$ cat start_15.pdb   # PDB, C-alpha atoms, pLDDT in the B column
ATOM      1  CA  MET Q   1     -56.905 218.409 119.145  1.00 56.00           C
ATOM      2  CA  LYS Q   2     -53.634 218.821 117.263  1.00 53.00           C
ATOM      3  CA  LYS Q   3     -52.125 215.935 119.257  1.00 53.00           C
ATOM      4  CA  VAL Q   4     -55.087 213.684 118.410  1.00 45.00           C
ATOM      5  CA  LEU Q   5     -54.829 214.549 114.715  1.00 44.00           C
ATOM      6  CA  MET Q   6     -51.075 213.963 114.779  1.00 48.00           C
ATOM      7  CA  LEU Q   7     -51.559 210.564 116.456  1.00 43.00           C
ATOM      8  CA  CYS Q   8     -54.188 209.607 113.871  1.00 46.00           C
ATOM      9  CA  PHE Q   9     -51.866 210.706 111.060  1.00 45.00           C
ATOM     10  CA  LEU Q  10     -48.921 208.754 112.492  1.00 44.00           C
ATOM     11  CA  SER Q  11     -51.126 205.713 112.972  1.00 48.00           C
ATOM     12  CA  LEU Q  12     -52.232 205.865 109.343  1.00 47.00           C
ATOM     13  CA  MET Q  13     -48.635 206.300 108.161  1.00 46.00           C
ATOM     14  CA  THR Q  14     -47.496 203.279 110.174  1.00 41.00           C
ATOM     15  CA  THR Q  15     -50.330 201.190 108.752  1.00 38.00           C
ATOM     16  CA  SER Q  16     -49.404 202.284 105.210  1.00 37.00           C
ATOM     17  CA  VAL Q  17     -45.782 201.280 105.743  1.00 39.00           C
ATOM     18  CA  ILE Q  18     -46.787 197.872 107.108  1.00 39.00           C
ATOM     19  CA  VAL Q  19     -49.120 197.271 104.152  1.00 39.00           C
ATOM     20  CA  ALA Q  20     -46.465 198.423 101.671  1.00 42.00           C
ATOM     21  CA  GLN Q  21     -43.834 196.172 103.255  1.00 48.00           C
ATOM     22  CA  SER Q  22     -46.111 193.136 103.200  1.00 52.00           C
ATOM     23  CA  LYS Q  23     -46.783 193.503  99.468  1.00 68.00           C
ATOM     24  CA  VAL Q  24     -45.233 190.686  97.469  1.00 74.00           C
ATOM     25  CA  ARG Q  25     -42.306 191.846  95.339  1.00 91.00           C
ATOM     26  CA  THR Q  26     -41.482 190.166  92.064  1.00 94.00           C
ATOM     27  CA  LEU Q  27     -38.649 190.812  89.657  1.00 96.00           C
ATOM     28  CA  PRO Q  28     -39.156 194.026  87.679  1.00 96.00           C
ATOM     29  CA  SER Q  29     -38.737 194.154  83.926  1.00 97.00           C
ATOM     30  CA  SER Q  30     -35.386 195.332  82.571  1.00 97.00           C
ATOM     31  CA  ASN Q  31     -33.664 194.363  79.357  1.00 97.00           C
ATOM     32  CA  LEU Q  32     -30.128 193.165  80.030  1.00 97.00           C
ATOM     33  CA  LYS Q  33     -27.628 191.146  78.002  1.00 96.00           C
ATOM     34  CA  ASP Q  34     -25.770 187.976  78.856  1.00 96.00           C
ATOM     35  CA  LEU Q  35     -22.056 187.520  78.135  1.00 95.00           C
ATOM     36  CA  LYS Q  36     -22.825 186.350  74.572  1.00 95.00           C
ATOM     37  CA  GLY Q  37     -24.861 189.501  73.838  1.00 95.00           C
ATOM     38  CA  LYS Q  38     -28.260 187.776  74.025  1.00 97.00           C
ATOM     39  CA  ALA Q  39     -31.079 189.975  75.369  1.00 97.00           C
ATOM     40  CA  VAL Q  40     -32.676 188.822  78.621  1.00 97.00           C
ATOM     41  CA  ASN Q  41     -35.779 190.350  80.210  1.00 97.00           C
ATOM     42  CA  THR Q  42     -35.364 190.150  83.983  1.00 97.00           C
ATOM     43  CA  ALA Q  43     -39.113 189.799  84.620  1.00 96.00           C
ATOM     44  CA  LYS Q  44     -38.953 186.512  82.711  1.00 95.00           C
ATOM     45  CA  LEU Q  45     -36.071 185.027  84.710  1.00 96.00           C
ATOM     46  CA  SER Q  46     -37.241 181.648  85.922  1.00 93.00           C
ATOM     47  CA  ASN Q  47     -35.886 178.405  87.308  1.00 95.00           C
ATOM     48  CA  GLU Q  48     -38.842 176.152  86.522  1.00 93.00           C
ATOM     49  CA  GLY Q  49     -40.456 176.536  89.944  1.00 94.00           C
ATOM     50  CA  LYS Q  50     -37.182 176.274  91.868  1.00 96.00           C
ATOM     51  CA  PRO Q  51     -35.426 179.108  93.731  1.00 97.00           C
ATOM     52  CA  MET Q  52     -33.016 181.626  92.260  1.00 98.00           C
ATOM     53  CA  ILE Q  53     -30.324 183.771  93.788  1.00 98.00           C
ATOM     54  CA  ILE Q  54     -29.848 187.172  92.148  1.00 98.00           C
ATOM     55  CA  SER Q  55     -26.492 188.655  93.095  1.00 98.00           C
ATOM     56  CA  PHE Q  56     -25.505 192.195  92.096  1.00 98.00           C
ATOM     57  CA  TRP Q  57     -21.728 192.605  91.798  1.00 98.00           C
ATOM     58  CA  ALA Q  58     -18.936 194.442  89.960  1.00 98.00           C
ATOM     59  CA  THR Q  59     -15.379 193.600  88.934  1.00 97.00           C
ATOM     60  CA  TRP Q  60     -14.067 196.510  91.018  1.00 96.00           C
ATOM     61  CA  CYS Q  61     -15.853 195.237  94.162  1.00 97.00           C
ATOM     62  CA  SER Q  62     -13.657 192.924  96.273  1.00 97.00           C
ATOM     63  CA  PRO Q  63     -16.442 191.792  98.649  1.00 97.00           C
ATOM     64  CA  CYS Q  64     -18.614 190.956  95.608  1.00 97.00           C
ATOM     65  CA  LYS Q  65     -15.953 188.741  94.092  1.00 97.00           C
ATOM     66  CA  LYS Q  66     -15.240 187.089  97.453  1.00 97.00           C
ATOM     67  CA  GLU Q  67     -18.933 186.270  97.895  1.00 97.00           C
ATOM     68  CA  LEU Q  68     -19.397 184.829  94.409  1.00 98.00           C
ATOM     69  CA  ASN Q  69     -16.114 182.904  94.534  1.00 97.00           C
ATOM     70  CA  THR Q  70     -17.044 181.444  97.931  1.00 97.00           C
ATOM     71  CA  ILE Q  71     -20.476 180.400  96.689  1.00 97.00           C
ATOM     72  CA  ALA Q  72     -18.830 178.870  93.588  1.00 97.00           C
ATOM     73  CA  GLU Q  73     -17.028 176.412  95.883  1.00 96.00           C
ATOM     74  CA  VAL Q  74     -20.342 175.017  97.209  1.00 96.00           C
ATOM     75  CA  TYR Q  75     -22.667 175.876  94.331  1.00 96.00           C
ATOM     76  CA  GLU Q  76     -22.896 172.354  92.895  1.00 96.00           C
ATOM     77  CA  GLU Q  77     -23.849 171.012  96.338  1.00 96.00           C
ATOM     78  CA  TRP Q  78     -26.505 173.732  96.724  1.00 96.00           C
ATOM     79  CA  GLN Q  79     -27.901 172.877  93.291  1.00 96.00           C
ATOM     80  CA  ASP Q  80     -28.089 169.169  94.165  1.00 95.00           C
ATOM     81  CA  GLU Q  81     -29.871 169.980  97.444  1.00 93.00           C
ATOM     82  CA  THR Q  82     -32.309 172.649  96.301  1.00 94.00           C
ATOM     83  CA  GLY Q  83     -32.199 173.051  92.519  1.00 96.00           C
ATOM     84  CA  VAL Q  84     -31.179 176.694  92.948  1.00 97.00           C
ATOM     85  CA  GLU Q  85     -29.775 178.746  90.084  1.00 97.00           C
ATOM     86  CA  LEU Q  86     -27.644 181.831  90.635  1.00 98.00           C
ATOM     87  CA  VAL Q  87     -27.807 184.859  88.350  1.00 98.00           C
ATOM     88  CA  ALA Q  88     -24.873 187.234  88.801  1.00 98.00           C
ATOM     89  CA  VAL Q  89     -25.775 190.742  87.612  1.00 98.00           C
ATOM     90  CA  SER Q  90     -22.745 192.890  86.857  1.00 98.00           C
ATOM     91  CA  ILE Q  91     -23.230 196.607  87.338  1.00 98.00           C
ATOM     92  CA  ASP Q  92     -19.920 197.428  85.654  1.00 97.00           C
ATOM     93  CA  ASP Q  93     -20.365 200.506  83.479  1.00 94.00           C
ATOM     94  CA  ALA Q  94     -18.978 201.100  79.975  1.00 87.00           C
ATOM     95  CA  ARG Q  95     -15.479 201.758  81.348  1.00 91.00           C
ATOM     96  CA  SER Q  96     -15.137 198.467  83.253  1.00 92.00           C
ATOM     97  CA  ALA Q  97     -17.623 196.163  81.449  1.00 91.00           C
ATOM     98  CA  SER Q  98     -14.851 194.755  79.255  1.00 93.00           C
ATOM     99  CA  ARG Q  99     -13.345 193.134  82.388  1.00 96.00           C
ATOM    100  CA  VAL Q 100     -16.471 191.077  83.215  1.00 97.00           C
ATOM    101  CA  LYS Q 101     -16.181 188.277  80.644  1.00 96.00           C
ATOM    102  CA  PRO Q 102     -12.446 187.596  81.227  1.00 97.00           C
ATOM    103  CA  TYR Q 103     -12.945 187.630  85.004  1.00 97.00           C
ATOM    104  CA  VAL Q 104     -15.871 185.201  84.860  1.00 97.00           C
ATOM    105  CA  ALA Q 105     -13.925 182.930  82.482  1.00 95.00           C
ATOM    106  CA  SER Q 106     -10.906 182.933  84.791  1.00 96.00           C
ATOM    107  CA  LYS Q 107     -13.072 181.797  87.708  1.00 96.00           C
ATOM    108  CA  ALA Q 108     -15.091 179.244  85.703  1.00 91.00           C
ATOM    109  CA  TRP Q 109     -18.311 180.330  87.398  1.00 95.00           C
ATOM    110  CA  ASP Q 110     -21.279 178.132  86.583  1.00 92.00           C
ATOM    111  CA  TYR Q 111     -23.623 181.099  86.940  1.00 95.00           C
ATOM    112  CA  GLN Q 112     -25.729 182.932  84.405  1.00 97.00           C
ATOM    113  CA  VAL Q 113     -24.050 186.350  84.193  1.00 98.00           C
ATOM    114  CA  LEU Q 114     -26.016 189.375  83.035  1.00 98.00           C
ATOM    115  CA  LEU Q 115     -24.757 192.875  82.299  1.00 98.00           C
ATOM    116  CA  ASP Q 116     -26.534 195.955  83.689  1.00 97.00           C
ATOM    117  CA  PRO Q 117     -24.202 198.742  82.459  1.00 95.00           C
ATOM    118  CA  ASN Q 118     -26.801 201.512  82.859  1.00 94.00           C
ATOM    119  CA  SER Q 119     -27.906 200.236  86.305  1.00 95.00           C
ATOM    120  CA  ASP Q 120     -31.552 200.050  85.188  1.00 96.00           C
ATOM    121  CA  PHE Q 121     -32.235 196.715  86.902  1.00 98.00           C
ATOM    122  CA  LYS Q 122     -30.139 197.780  89.887  1.00 98.00           C
ATOM    123  CA  ARG Q 123     -32.330 200.876  90.381  1.00 97.00           C
ATOM    124  CA  LYS Q 124     -35.585 198.948  89.944  1.00 97.00           C
ATOM    125  CA  MET Q 125     -34.447 196.428  92.575  1.00 97.00           C
ATOM    126  CA  GLY Q 126     -33.544 199.197  95.040  1.00 96.00           C
ATOM    127  CA  VAL Q 127     -29.858 198.292  95.141  1.00 97.00           C
ATOM    128  CA  ASN Q 128     -27.731 201.122  96.525  1.00 96.00           C
ATOM    129  CA  ASN Q 129     -24.402 199.359  96.872  1.00 95.00           C
ATOM    130  CA  VAL Q 130     -22.904 195.981  96.027  1.00 97.00           C
ATOM    131  CA  PRO Q 131     -22.776 193.184  96.786  1.00 98.00           C
ATOM    132  CA  HIS Q 132     -26.529 192.886  97.169  1.00 98.00           C
ATOM    133  CA  THR Q 133     -28.061 189.428  97.075  1.00 97.00           C
ATOM    134  CA  PHE Q 134     -31.706 188.441  96.657  1.00 98.00           C
ATOM    135  CA  LEU Q 135     -33.380 185.068  97.137  1.00 97.00           C
ATOM    136  CA  VAL Q 136     -36.347 184.478  94.827  1.00 97.00           C
ATOM    137  CA  ASN Q 137     -38.786 181.630  95.403  1.00 96.00           C
ATOM    138  CA  GLY Q 138     -40.110 179.314  92.694  1.00 94.00           C
ATOM    139  CA  LYS Q 139     -43.042 181.678  92.043  1.00 94.00           C
ATOM    140  CA  GLY Q 140     -40.700 184.565  91.225  1.00 94.00           C
ATOM    141  CA  GLU Q 141     -41.270 186.374  94.529  1.00 96.00           C
ATOM    142  CA  ILE Q 142     -38.390 188.041  96.345  1.00 97.00           C
ATOM    143  CA  VAL Q 143     -38.378 186.417  99.776  1.00 96.00           C
ATOM    144  CA  TRP Q 144     -35.046 187.527 101.277  1.00 96.00           C
ATOM    145  CA  GLN Q 145     -32.200 189.944 100.629  1.00 96.00           C
ATOM    146  CA  HIS Q 146     -28.816 190.761 102.067  1.00 95.00           C
ATOM    147  CA  ASN Q 147     -26.442 193.657 101.497  1.00 95.00           C
ATOM    148  CA  ASN Q 148     -22.624 193.567 101.737  1.00 95.00           C
ATOM    149  CA  TYR Q 149     -20.513 190.495 102.389  1.00 96.00           C
ATOM    150  CA  ALA Q 150     -18.455 189.116 105.233  1.00 94.00           C
ATOM    151  CA  PRO Q 151     -17.104 185.558 105.425  1.00 94.00           C
ATOM    152  CA  GLY Q 152     -19.902 183.326 106.677  1.00 93.00           C
ATOM    153  CA  ASP Q 153     -22.725 185.299 105.017  1.00 95.00           C
ATOM    154  CA  GLU Q 154     -23.003 182.480 102.485  1.00 94.00           C
ATOM    155  CA  ASP Q 155     -24.003 180.199 105.381  1.00 95.00           C
ATOM    156  CA  GLU Q 156     -26.951 182.474 106.166  1.00 95.00           C
ATOM    157  CA  LEU Q 157     -27.931 182.432 102.480  1.00 95.00           C
ATOM    158  CA  ARG Q 158     -27.763 178.634 102.466  1.00 94.00           C
ATOM    159  CA  GLU Q 159     -29.951 178.453 105.585  1.00 94.00           C
ATOM    160  CA  GLN Q 160     -32.515 180.745 103.942  1.00 95.00           C
ATOM    161  CA  LEU Q 161     -32.384 178.575 100.827  1.00 94.00           C
ATOM    162  CA  LYS Q 162     -32.832 175.372 102.831  1.00 91.00           C
ATOM    163  CA  HIS Q 163     -35.730 176.904 104.777  1.00 91.00           C
ATOM    164  CA  LEU Q 164     -37.365 178.012 101.522  1.00 91.00           C
ATOM    165  CA  THR Q 165     -37.092 174.561  99.960  1.00 89.00           C
ATOM    166  CA  GLY Q 166     -37.783 172.551 103.118  1.00 86.00           C
ATOM    167  CA  HIS Q 167     -34.356 170.871 103.199  1.00 76.00           C
TER     168      HIS Q 167
END
$ encode --input "start_15.pdb" --output "structure tokens"
Amino acid sequence: MKKVLMLCFLSLMTTSVIVAQSKVRTLPSSNLKDLKGKAVNTAKLSNEGKPMIISFWATWCSPCKKELNTIAEVYEEWQDETGVELVAVSIDDARSASRVKPYVASKAWDYQVLLDPNSDFKRKMGVNNVPHTFLVNGKGEIVWQHNNYAPGDEDELREQLKHLTGH
């Protein structure tokens, strides 16, 4: 009897996990600031029905900077193809946040950069380490994510983006 009850319990747990994983995830609400100090609510991030890439990074994270710098080289092409916008969310805390604006300026990134110094948005998105990249469809639903970076990962992101937009 105990084995039957245990099997029933495990079956229910598995079903719950499958249901939970199939639930559509949208961007949670957090109040961040852009590099000019303007408040931005993350739940209201939108690209007018086109996809967005949300990339969590930090100035002290070499793989993060490599990923964003590599994407910067092809970003204009991606935008022409798919209309995508990239939002780079810095998780630099109070000690290193002063390095974000000069770094971004030195790289001439054409990204919207938001500051998450208290890691509120990072926590709500379930980000444990950076870089962590999310692909959001035109309806604001998170459809893909990737953690860490190795050269060539941007190709996988581009393929996901092309699949999402039918290109």
$ closest_residue --input "start_15.pdb" --among "Q:Pro151, Q:Gly37, Q:Gly140, Q:Pro102" --to "Met52 (chain Q)" --atoms "all atoms listed in the file"
Q:Gly140
$ residues_near_point --input "start_15.pdb" --point "(-33.0, 173.2, 101.2)" --cutoff "12 Å" --atoms "all atoms listed in the file" --output "list in words"
Lys50, Pro51, Glu77, Trp78, Gln79, Asp80, Glu81, Thr82, Gly83, Val84, Asn137, Leu157, Arg158, Glu159, Gln160, Leu161, Lys162, His163, Leu164, Thr165, Gly166 and His167 of chain Q
$ closest_residue --input "start_15.pdb" --among "Q:Leu86, Q:Phe121, Q:His132, Q:Ala150" --to "Ile53 (chain Q)" --atoms "all atoms listed in the file"
Q:Leu86
$ closest_residue --input "start_15.pdb" --among "Q:Asp116, Q:Asp92, Q:Glu48, Q:Glu67" --to "Asp155 (chain Q)" --atoms "all atoms listed in the file"
Q:Glu67
$ resolve_selection --input "start_15.pdb" --expression "the PyMOL selection byres ((chain Q and resi 56) around 9)" --output "list in words"
Ile54, Ser55, Trp57, Ala58, Cys64, Val87, Ala88, Val89, Ser90, Ile91, Lys122, Val127, Asn129, Val130, Pro131, His132, Thr133 and Phe134 of chain Q
$ closest_residue --input "start_15.pdb" --among "Q:Ser46, Q:Asn128, Q:Ser119, Q:Asn147" --to "Asn31 (chain Q)" --atoms "only C-alpha atoms"
Q:Ser119
$ residues_around --input "start_15.pdb" --residues "Pro28 (chain Q)" --least-positions-apart "2" --cutoff "7 Å" --atoms "only C-alpha atoms" --output "ChimeraX atom specification"
/Q:26,30,42-43,124
$ atom_distance --input "start_15.pdb" --atom1 "CA of Asp153 (chain Q)" --atom2 "CA of Lys139 (chain Q)"
24.4 Å
$ atom_distance --input "start_15.pdb" --atom1 "CA of Asn69 (chain Q)" --atom2 "CA of Ala94 (chain Q)"
23.5 Å
$ axis_aligned_box --input "start_15.pdb" --around "region 95-98 of chain Q" --padding-each-side "4 Å" --output "AutoDock Vina command-line options"
--center_x -16.2 --center_y 198.3 --center_z 81.3 --size_x 10.8 --size_y 15.0 --size_z 12.0
$ resolve_selection --input "start_15.pdb" --expression "the PyMOL selection byres ((chain Q and resi 35) around 12)" --output "PyMOL selection string"
chain Q and resi 32-34+36-40+88-90+97-105+111-116
$ closest_residue --input "start_15.pdb" --among "Q:Asn41, Q:Thr70, Q:Asn47, Q:Ser96" --to "Leu27 (chain Q)" --atoms "all atoms listed in the file"
Q:Asn41
$ closest_residue --input "start_15.pdb" --among "Q:Asp93, Q:Asp120, Q:Glu141, Q:Glu73" --to "Val24 (chain Q)" --atoms "all atoms listed in the file"
Q:Glu141
$ atom_distance --input "start_15.pdb" --atom1 "CA of Arg25 (chain Q)" --atom2 "CA of Pro63 (chain Q)"
26.1 Å
